[in-house]
$ cat query-v3.cif   # mmCIF, N, CA and C atoms
data_target
loop_
_atom_site.label_atom_id
_atom_site.label_comp_id
_atom_site.auth_asym_id
_atom_site.auth_seq_id
_atom_site.Cartn_x
_atom_site.Cartn_y
_atom_site.Cartn_z
N MET A 30 -21.00 -12.62 54.54
CA MET A 30 -19.66 -12.09 54.50
C MET A 30 -18.86 -12.70 53.35
N ARG A 31 -19.15 -14.02 53.06
CA ARG A 31 -18.41 -14.67 51.98
C ARG A 31 -18.69 -14.00 50.65
N ASN A 32 -19.87 -13.49 50.42
CA ASN A 32 -20.24 -12.86 49.16
C ASN A 32 -19.84 -11.39 49.10
N LEU A 33 -19.50 -10.81 50.21
CA LEU A 33 -19.17 -9.39 50.25
C LEU A 33 -17.86 -9.09 49.52
N LEU A 34 -16.82 -9.87 49.74
CA LEU A 34 -15.53 -9.62 49.09
C LEU A 34 -15.59 -9.82 47.58
N PRO A 35 -16.18 -10.92 47.08
CA PRO A 35 -16.31 -11.03 45.62
C PRO A 35 -17.18 -9.93 45.04
N GLY A 36 -18.21 -9.54 45.76
CA GLY A 36 -19.08 -8.46 45.30
C GLY A 36 -18.33 -7.14 45.21
N LEU A 37 -17.46 -6.86 46.17
CA LEU A 37 -16.65 -5.64 46.13
C LEU A 37 -15.66 -5.67 44.97
N ALA A 38 -15.12 -6.85 44.68
CA ALA A 38 -14.18 -6.98 43.56
C ALA A 38 -14.87 -6.68 42.24
N VAL A 39 -16.08 -7.19 42.05
CA VAL A 39 -16.84 -6.92 40.83
C VAL A 39 -17.18 -5.44 40.74
N LEU A 40 -17.58 -4.84 41.84
CA LEU A 40 -17.90 -3.42 41.88
C LEU A 40 -16.68 -2.57 41.50
N ALA A 41 -15.52 -2.95 42.01
CA ALA A 41 -14.28 -2.22 41.68
C ALA A 41 -13.98 -2.33 40.19
N LEU A 42 -14.17 -3.49 39.59
CA LEU A 42 -13.93 -3.66 38.15
C LEU A 42 -14.89 -2.82 37.33
N LEU A 43 -16.14 -2.79 37.71
CA LEU A 43 -17.13 -1.99 37.00
C LEU A 43 -16.84 -0.50 37.12
N ALA A 44 -16.32 -0.08 38.25
CA ALA A 44 -15.99 1.33 38.45
C ALA A 44 -14.81 1.74 37.58
N LEU A 45 -13.89 0.82 37.31
CA LEU A 45 -12.70 1.12 36.51
C LEU A 45 -12.97 0.98 35.02
N ALA A 46 -14.03 0.33 34.60
CA ALA A 46 -14.30 0.07 33.18
C ALA A 46 -14.32 1.33 32.33
N PRO A 47 -14.97 2.44 32.74
CA PRO A 47 -14.96 3.64 31.89
C PRO A 47 -13.55 4.20 31.67
N MET A 48 -12.63 3.97 32.58
CA MET A 48 -11.27 4.48 32.42
C MET A 48 -10.53 3.75 31.31
N ALA A 49 -10.96 2.55 30.96
CA ALA A 49 -10.30 1.79 29.90
C ALA A 49 -10.46 2.47 28.56
N HIS A 50 -11.48 3.29 28.39
CA HIS A 50 -11.73 3.97 27.13
C HIS A 50 -11.01 5.31 27.04
N GLY A 51 -10.34 5.74 28.08
CA GLY A 51 -9.69 7.04 28.12
C GLY A 51 -8.50 7.16 27.18
N ALA A 52 -7.90 6.06 26.77
CA ALA A 52 -6.72 6.09 25.92
C ALA A 52 -7.05 5.96 24.44
N GLU A 53 -8.30 6.19 24.06
CA GLU A 53 -8.71 6.06 22.67
C GLU A 53 -7.92 7.02 21.79
N ILE A 54 -7.45 6.52 20.66
CA ILE A 54 -6.68 7.34 19.73
C ILE A 54 -7.64 8.03 18.78
N VAL A 55 -7.52 9.34 18.68
CA VAL A 55 -8.41 10.13 17.83
C VAL A 55 -7.60 10.65 16.65
N ALA A 56 -8.16 10.53 15.46
CA ALA A 56 -7.48 11.02 14.26
C ALA A 56 -7.29 12.53 14.36
N PRO A 57 -6.12 13.02 13.96
CA PRO A 57 -5.88 14.46 14.02
C PRO A 57 -6.84 15.22 13.10
N SER A 58 -7.35 16.33 13.57
CA SER A 58 -8.32 17.08 12.79
C SER A 58 -7.66 18.10 11.86
N ASN A 59 -6.39 18.40 12.11
CA ASN A 59 -5.72 19.42 11.32
C ASN A 59 -4.43 18.84 10.72
N VAL A 60 -4.59 18.04 9.69
CA VAL A 60 -3.45 17.41 9.03
C VAL A 60 -3.34 17.98 7.62
N PRO A 61 -2.21 18.61 7.27
CA PRO A 61 -2.05 19.10 5.90
C PRO A 61 -2.06 17.93 4.92
N ILE A 62 -2.87 18.03 3.87
CA ILE A 62 -3.02 16.96 2.89
C ILE A 62 -2.36 17.37 1.58
N LYS A 63 -1.60 16.43 1.02
CA LYS A 63 -0.98 16.63 -0.29
C LYS A 63 -1.67 15.69 -1.27
N GLN A 64 -2.18 16.23 -2.37
CA GLN A 64 -2.84 15.41 -3.39
C GLN A 64 -1.93 15.26 -4.59
N THR A 65 -1.80 14.02 -5.05
CA THR A 65 -1.02 13.71 -6.25
C THR A 65 -1.87 12.83 -7.15
N VAL A 66 -1.91 13.15 -8.43
CA VAL A 66 -2.60 12.31 -9.41
C VAL A 66 -1.52 11.59 -10.21
N VAL A 67 -1.57 10.28 -10.21
CA VAL A 67 -0.53 9.46 -10.84
C VAL A 67 -1.15 8.66 -11.98
N ALA A 68 -0.61 8.84 -13.19
CA ALA A 68 -1.03 8.04 -14.34
C ALA A 68 -0.11 6.84 -14.45
N LEU A 69 -0.66 5.64 -14.35
CA LEU A 69 0.12 4.42 -14.45
C LEU A 69 0.07 3.89 -15.87
N ALA A 70 1.24 3.68 -16.45
CA ALA A 70 1.31 3.03 -17.76
C ALA A 70 1.02 1.55 -17.57
N GLY A 71 0.55 0.88 -18.59
CA GLY A 71 0.23 -0.55 -18.50
C GLY A 71 1.43 -1.39 -18.09
N ASN A 72 1.21 -2.30 -17.16
CA ASN A 72 2.22 -3.26 -16.69
C ASN A 72 3.52 -2.61 -16.19
N THR A 73 3.41 -1.44 -15.57
CA THR A 73 4.59 -0.76 -15.04
C THR A 73 4.40 -0.51 -13.55
N ASP A 74 5.23 -1.12 -12.71
CA ASP A 74 5.18 -0.89 -11.27
C ASP A 74 5.52 0.57 -11.00
N THR A 75 4.68 1.24 -10.21
CA THR A 75 4.85 2.66 -9.93
C THR A 75 4.71 2.90 -8.43
N THR A 76 5.57 3.74 -7.87
CA THR A 76 5.45 4.11 -6.46
C THR A 76 4.33 5.14 -6.33
N LEU A 77 3.37 4.84 -5.46
CA LEU A 77 2.22 5.73 -5.27
C LEU A 77 2.33 6.57 -4.00
N GLY A 78 3.00 6.09 -3.02
CA GLY A 78 3.18 6.82 -1.77
C GLY A 78 4.44 6.34 -1.10
N SER A 79 5.35 7.26 -0.82
CA SER A 79 6.63 6.83 -0.27
C SER A 79 6.94 7.42 1.09
N SER A 80 6.05 8.25 1.64
CA SER A 80 6.30 8.84 2.95
C SER A 80 5.99 7.82 4.03
N THR A 81 6.95 7.50 4.84
CA THR A 81 6.72 6.54 5.93
C THR A 81 6.33 7.25 7.21
N SER A 82 6.28 8.58 7.20
CA SER A 82 5.89 9.33 8.41
C SER A 82 4.50 9.95 8.25
N ARG A 83 3.70 9.43 7.34
CA ARG A 83 2.37 9.98 7.10
C ARG A 83 1.42 9.66 8.23
N ARG A 84 0.40 10.51 8.39
CA ARG A 84 -0.65 10.29 9.39
C ARG A 84 -1.98 10.03 8.71
N TYR A 85 -2.02 10.15 7.39
CA TYR A 85 -3.23 9.88 6.62
C TYR A 85 -2.81 9.42 5.23
N LEU A 86 -3.50 8.42 4.70
CA LEU A 86 -3.22 7.94 3.34
C LEU A 86 -4.53 7.48 2.73
N CYS A 87 -4.82 7.98 1.53
CA CYS A 87 -6.01 7.56 0.80
C CYS A 87 -5.63 7.35 -0.66
N LEU A 88 -6.00 6.21 -1.22
CA LEU A 88 -5.75 5.87 -2.62
C LEU A 88 -7.09 5.68 -3.30
N MET A 89 -7.29 6.34 -4.44
CA MET A 89 -8.55 6.22 -5.17
C MET A 89 -8.26 6.00 -6.66
N ASN A 90 -8.81 4.94 -7.20
CA ASN A 90 -8.65 4.64 -8.61
C ASN A 90 -9.70 5.44 -9.39
N ILE A 91 -9.24 6.39 -10.22
CA ILE A 91 -10.18 7.18 -11.05
C ILE A 91 -10.02 6.83 -12.52
N GLY A 92 -9.22 5.82 -12.81
CA GLY A 92 -9.03 5.34 -14.18
C GLY A 92 -9.87 4.09 -14.43
N THR A 93 -9.85 3.61 -15.65
CA THR A 93 -10.70 2.48 -16.03
C THR A 93 -10.07 1.11 -15.78
N GLY A 94 -8.76 1.05 -15.55
CA GLY A 94 -8.09 -0.23 -15.34
C GLY A 94 -8.09 -0.68 -13.89
N LEU A 95 -8.07 -1.98 -13.65
CA LEU A 95 -7.96 -2.54 -12.32
C LEU A 95 -6.59 -2.20 -11.75
N LEU A 96 -6.54 -1.70 -10.52
CA LEU A 96 -5.29 -1.33 -9.86
C LEU A 96 -4.94 -2.37 -8.82
N SER A 97 -3.73 -2.91 -8.87
CA SER A 97 -3.26 -3.85 -7.85
C SER A 97 -2.18 -3.17 -7.04
N LEU A 98 -2.24 -3.35 -5.71
CA LEU A 98 -1.30 -2.70 -4.80
C LEU A 98 -0.41 -3.72 -4.10
N ASN A 99 0.76 -3.25 -3.70
CA ASN A 99 1.64 -4.02 -2.83
C ASN A 99 2.37 -3.04 -1.93
N PHE A 100 2.87 -3.51 -0.83
CA PHE A 100 3.52 -2.65 0.14
C PHE A 100 4.96 -3.09 0.34
N ASP A 101 5.89 -2.13 0.19
CA ASP A 101 7.34 -2.34 0.36
C ASP A 101 7.94 -3.32 -0.66
N ALA A 102 7.23 -3.61 -1.72
CA ALA A 102 7.74 -4.48 -2.79
C ALA A 102 6.97 -4.18 -4.07
N ALA A 103 7.56 -4.55 -5.20
CA ALA A 103 6.91 -4.29 -6.49
C ALA A 103 5.54 -4.96 -6.55
N ALA A 104 4.57 -4.25 -7.14
CA ALA A 104 3.22 -4.80 -7.31
C ALA A 104 3.18 -5.71 -8.53
N VAL A 105 2.28 -6.67 -8.50
CA VAL A 105 2.08 -7.61 -9.61
C VAL A 105 0.65 -7.45 -10.10
N ALA A 106 0.47 -7.26 -11.40
CA ALA A 106 -0.86 -7.04 -11.98
C ALA A 106 -1.79 -8.20 -11.63
N ALA A 107 -3.02 -7.86 -11.26
CA ALA A 107 -4.08 -8.83 -10.93
C ALA A 107 -3.72 -9.70 -9.73
N SER A 108 -2.87 -9.18 -8.83
CA SER A 108 -2.47 -9.92 -7.65
C SER A 108 -2.36 -8.93 -6.49
N GLY A 109 -2.68 -9.37 -5.30
CA GLY A 109 -2.57 -8.49 -4.14
C GLY A 109 -3.84 -7.70 -3.92
N TRP A 110 -3.72 -6.57 -3.25
CA TRP A 110 -4.85 -5.71 -2.91
C TRP A 110 -5.32 -5.01 -4.17
N ALA A 111 -6.58 -5.13 -4.54
CA ALA A 111 -7.07 -4.57 -5.79
C ALA A 111 -8.09 -3.46 -5.55
N LEU A 112 -8.01 -2.42 -6.37
CA LEU A 112 -9.01 -1.35 -6.38
C LEU A 112 -9.61 -1.31 -7.78
N GLU A 113 -10.92 -1.49 -7.85
CA GLU A 113 -11.63 -1.53 -9.13
C GLU A 113 -11.50 -0.22 -9.90
N GLY A 114 -11.53 -0.34 -11.22
CA GLY A 114 -11.55 0.84 -12.08
C GLY A 114 -12.97 1.36 -12.22
N VAL A 115 -13.13 2.39 -13.04
CA VAL A 115 -14.44 3.01 -13.25
C VAL A 115 -14.90 2.78 -14.69
N SER A 116 -16.19 2.95 -14.94
CA SER A 116 -16.68 2.81 -16.31
C SER A 116 -16.44 4.09 -17.11
N VAL A 117 -16.37 5.25 -16.42
CA VAL A 117 -16.09 6.52 -17.07
C VAL A 117 -14.88 7.15 -16.37
N ALA A 118 -13.80 7.36 -17.13
CA ALA A 118 -12.57 7.91 -16.55
C ALA A 118 -12.84 9.21 -15.80
N GLY A 119 -12.22 9.35 -14.64
CA GLY A 119 -12.37 10.54 -13.83
C GLY A 119 -13.40 10.39 -12.72
N HIS A 120 -14.24 9.36 -12.80
CA HIS A 120 -15.21 9.12 -11.74
C HIS A 120 -14.52 8.35 -10.62
N GLN A 121 -15.21 8.14 -9.51
CA GLN A 121 -14.62 7.43 -8.38
C GLN A 121 -14.75 5.94 -8.53
N GLY A 122 -13.62 5.26 -8.49
CA GLY A 122 -13.59 3.80 -8.51
C GLY A 122 -13.28 3.29 -7.11
N GLY A 123 -12.57 2.18 -7.05
CA GLY A 123 -12.20 1.61 -5.76
C GLY A 123 -11.29 2.56 -5.00
N ALA A 124 -11.46 2.60 -3.69
CA ALA A 124 -10.66 3.48 -2.85
C ALA A 124 -10.41 2.81 -1.51
N MET A 125 -9.30 3.19 -0.88
CA MET A 125 -8.97 2.72 0.46
C MET A 125 -8.27 3.84 1.18
N CYS A 126 -8.68 4.11 2.42
CA CYS A 126 -8.09 5.18 3.20
C CYS A 126 -7.67 4.66 4.57
N TRP A 127 -6.55 5.17 5.07
CA TRP A 127 -6.05 4.85 6.40
C TRP A 127 -5.82 6.16 7.13
N GLU A 128 -6.08 6.17 8.44
CA GLU A 128 -5.81 7.36 9.22
C GLU A 128 -5.39 6.97 10.63
N SER A 129 -4.85 7.94 11.32
CA SER A 129 -4.50 7.81 12.73
C SER A 129 -3.43 6.73 12.92
N ALA A 130 -3.66 5.85 13.88
CA ALA A 130 -2.65 4.85 14.25
C ALA A 130 -2.59 3.68 13.28
N ILE A 131 -3.50 3.59 12.32
CA ILE A 131 -3.52 2.44 11.41
C ILE A 131 -3.01 2.78 10.01
N VAL A 132 -2.33 3.90 9.87
CA VAL A 132 -1.81 4.29 8.56
C VAL A 132 -0.67 3.36 8.18
N ALA A 133 -0.73 2.89 6.94
CA ALA A 133 0.35 2.04 6.44
C ALA A 133 1.63 2.87 6.36
N GLY A 134 2.67 2.46 7.09
CA GLY A 134 3.94 3.17 7.09
C GLY A 134 4.88 2.60 6.05
N SER A 135 4.36 2.04 5.00
CA SER A 135 5.15 1.37 3.97
C SER A 135 5.16 2.20 2.68
N VAL A 136 6.10 1.89 1.82
CA VAL A 136 6.09 2.44 0.47
C VAL A 136 5.02 1.67 -0.29
N VAL A 137 4.11 2.40 -0.96
CA VAL A 137 2.99 1.77 -1.65
C VAL A 137 3.31 1.70 -3.14
N HIS A 138 3.20 0.50 -3.72
CA HIS A 138 3.43 0.27 -5.14
C HIS A 138 2.11 -0.08 -5.80
N GLY A 139 1.91 0.40 -7.03
CA GLY A 139 0.71 0.07 -7.78
C GLY A 139 1.05 -0.35 -9.20
N ILE A 140 0.18 -1.17 -9.78
CA ILE A 140 0.35 -1.62 -11.16
C ILE A 140 -1.03 -1.90 -11.75
N SER A 141 -1.15 -1.72 -13.04
CA SER A 141 -2.39 -2.02 -13.75
C SER A 141 -2.01 -2.60 -15.12
N ALA A 142 -2.58 -3.75 -15.47
CA ALA A 142 -2.26 -4.37 -16.75
C ALA A 142 -2.60 -3.45 -17.92
N ALA A 143 -3.74 -2.76 -17.83
CA ALA A 143 -4.19 -1.89 -18.92
C ALA A 143 -3.79 -0.43 -18.71
N GLY A 144 -3.28 -0.12 -17.53
CA GLY A 144 -3.00 1.27 -17.18
C GLY A 144 -4.21 1.88 -16.50
N THR A 145 -3.99 2.85 -15.63
CA THR A 145 -5.08 3.52 -14.92
C THR A 145 -4.56 4.81 -14.31
N THR A 146 -5.42 5.54 -13.63
CA THR A 146 -5.03 6.79 -12.97
C THR A 146 -5.45 6.71 -11.51
N VAL A 147 -4.56 7.13 -10.61
CA VAL A 147 -4.79 7.02 -9.18
C VAL A 147 -4.61 8.37 -8.51
N VAL A 148 -5.53 8.71 -7.62
CA VAL A 148 -5.36 9.90 -6.78
C VAL A 148 -4.80 9.42 -5.45
N VAL A 149 -3.71 10.06 -5.02
CA VAL A 149 -3.06 9.73 -3.76
C VAL A 149 -3.16 10.93 -2.84
N LEU A 150 -3.75 10.76 -1.68
CA LEU A 150 -3.81 11.80 -0.67
C LEU A 150 -2.96 11.35 0.52
N GLU A 151 -1.96 12.17 0.88
CA GLU A 151 -1.11 11.87 2.03
C GLU A 151 -1.12 13.05 2.97
N GLY A 152 -1.25 12.75 4.25
CA GLY A 152 -1.23 13.79 5.27
C GLY A 152 -0.10 13.56 6.24
N ARG A 153 0.54 14.64 6.67
CA ARG A 153 1.67 14.52 7.60
C ARG A 153 1.43 15.34 8.82
#
$ encode --input "query-v3.cif" --output "structure tokens"
Amino acid sequence: MRNLLPGLAVLALLALAPMAHGAEIVAPSNVPIKQTVVALAGNTDTTLGSSTSRRYLCLMNIGTGLLSLNFDAAAVAASGWALEGVSVAGHQGGAMCWESAIVAGSVVHGISAAGTTVVVLEGR
């Protein structure tokens, strides 16, 4: 009898375990995407994404210069979050994408010492 109550408690926990996964957040499948190609001049802080109500954000460096990012403040070249450039302009370099509940709700700033080109995809 002493083992029956603890055993029932464990059984109850195991029965409830699948319900813990019921609140999983799923990325929306039908989000309108806006694409912007931004040419960054050398050593010039540029706003890359300013929508704070986005549900999807993807940044891709398609230029040859190293891209440094900052959020809600001016970017500093060769400091902060970096996306590598490409050896041939127009190809895919470093990229970072956010979706669903983990989308950065900040204004995104970018800078490149040599200049570069960035593709920005935002979904609302």
$ residues_near_point --input "query-v3.cif" --point "(-1.6, 12.9, 3.6)" --cutoff "6 Å" --atoms "only C-alpha atoms" --output "PDB file with N, CA and C atoms, in the frame of the given file"
ATOM      1  N   ILE A  62      -2.870  18.030   3.870  1.00  0.00           N
ATOM      2  CA  ILE A  62      -3.020  16.960   2.890  1.00  0.00           C
ATOM      3  C   ILE A  62      -2.360  17.370   1.580  1.00  0.00           C
ATOM      4  N   LYS A  63      -1.600  16.430   1.020  1.00  0.00           N
ATOM      5  CA  LYS A  63      -0.980  16.630  -0.290  1.00  0.00           C
ATOM      6  C   LYS A  63      -1.670  15.690  -1.270  1.00  0.00           C
ATOM      7  N   TYR A  85      -2.020  10.150   7.390  1.00  0.00           N
ATOM      8  CA  TYR A  85      -3.230   9.880   6.620  1.00  0.00           C
ATOM      9  C   TYR A  85      -2.810   9.420   5.230  1.00  0.00           C
ATOM     10  N   LEU A  86      -3.500   8.420   4.700  1.00  0.00           N
ATOM     11  CA  LEU A  86      -3.220   7.940   3.340  1.00  0.00           C
ATOM     12  C   LEU A  86      -4.530   7.480   2.730  1.00  0.00           C
ATOM     13  N   LEU A 150      -3.750  10.760  -1.680  1.00  0.00           N
ATOM     14  CA  LEU A 150      -3.810  11.800  -0.670  1.00  0.00           C
ATOM     15  C   LEU A 150      -2.960  11.350   0.520  1.00  0.00           C
ATOM     16  N   GLU A 151      -1.960  12.170   0.880  1.00  0.00           N
ATOM     17  CA  GLU A 151      -1.110  11.870   2.030  1.00  0.00           C
ATOM     18  C   GLU A 151      -1.120  13.050   2.970  1.00  0.00           C
ATOM     19  N   GLY A 152      -1.250  12.750   4.250  1.00  0.00           N
ATOM     20  CA  GLY A 152      -1.230  13.790   5.270  1.00  0.00           C
ATOM     21  C   GLY A 152      -0.100  13.560   6.240  1.00  0.00           C
ATOM     22  N   ARG A 153       0.540  14.640   6.670  1.00  0.00           N
ATOM     23  CA  ARG A 153       1.670  14.520   7.600  1.00  0.00           C
ATOM     24  C   ARG A 153       1.430  15.340   8.820  1.00  0.00           C
TER      25      ARG A 153
END
$ closest_residue --input "query-v3.cif" --among "A:Thr65, A:Thr93, A:Ser135, A:Thr145" --to "Ser80 in chain A" --atoms "only N, CA and C atoms"
A:Ser135
$ residues_around --input "query-v3.cif" --residues "range 116-126 of chain A" --least-positions-apart "3" --cutoff "6 Å" --atoms "only N, CA and C atoms" --output "list in words"
Leu86, Cys87, Leu88, Met89, Asn90, Ile91, Gly92, Thr93, Leu112 and Glu113 of chain A
$ closest_residue --input "query-v3.cif" --among "A:Ile140, A:Leu96, A:Val147, A:Val132" --to "Asp74 in chain A" --atoms "only N, CA and C atoms"
A:Ile140
$ atom_distance --input "query-v3.cif" --atom1 "atom C of Ile131 in chain A" --atom2 "atom N of Thr81 in chain A"
12.2 Å
$ residues_around --input "query-v3.cif" --residues "Gly78 in chain A" --least-positions-apart "6" --cutoff "8 Å" --atoms "only C-alpha atoms" --output "number ranges by chain"
A: 136-138, 149, 151
$ resolve_selection --input "query-v3.cif" --expression "the PyMOL selection byres (((chain A and resi 99 and name CA) around 9) and name CA)" --output "MDAnalysis selection string"
chainID A and resid 97:98 100:105 108:110 136:140
$ atom_distance --input "query-v3.cif" --atom1 "CA of Gly144 in chain A" --atom2 "atom C of Pro61 in chain A"
27.7 Å
$ atom_distance --input "query-v3.cif" --atom1 "CA of Ala70 in chain A" --atom2 "CA of Gly94 in chain A"
10.2 Å
$ axis_aligned_box --input "query-v3.cif" --around "range 122-135 of chain A" --padding-each-side "3 Å" --output "AutoDock Vina command-line options"
--center_x -4.2 --center_y 4.7 --center_z 2.9 --size_x 24.8 --size_y 12.6 --size_z 28.8
$ select_by_dssp --input "query-v3.cif" --residues "range 115-150 of chain A" --states "strand (DSSP E or B)" --output "MDAnalysis selection string"
chainID A and resid 124:128 137:140 145:150
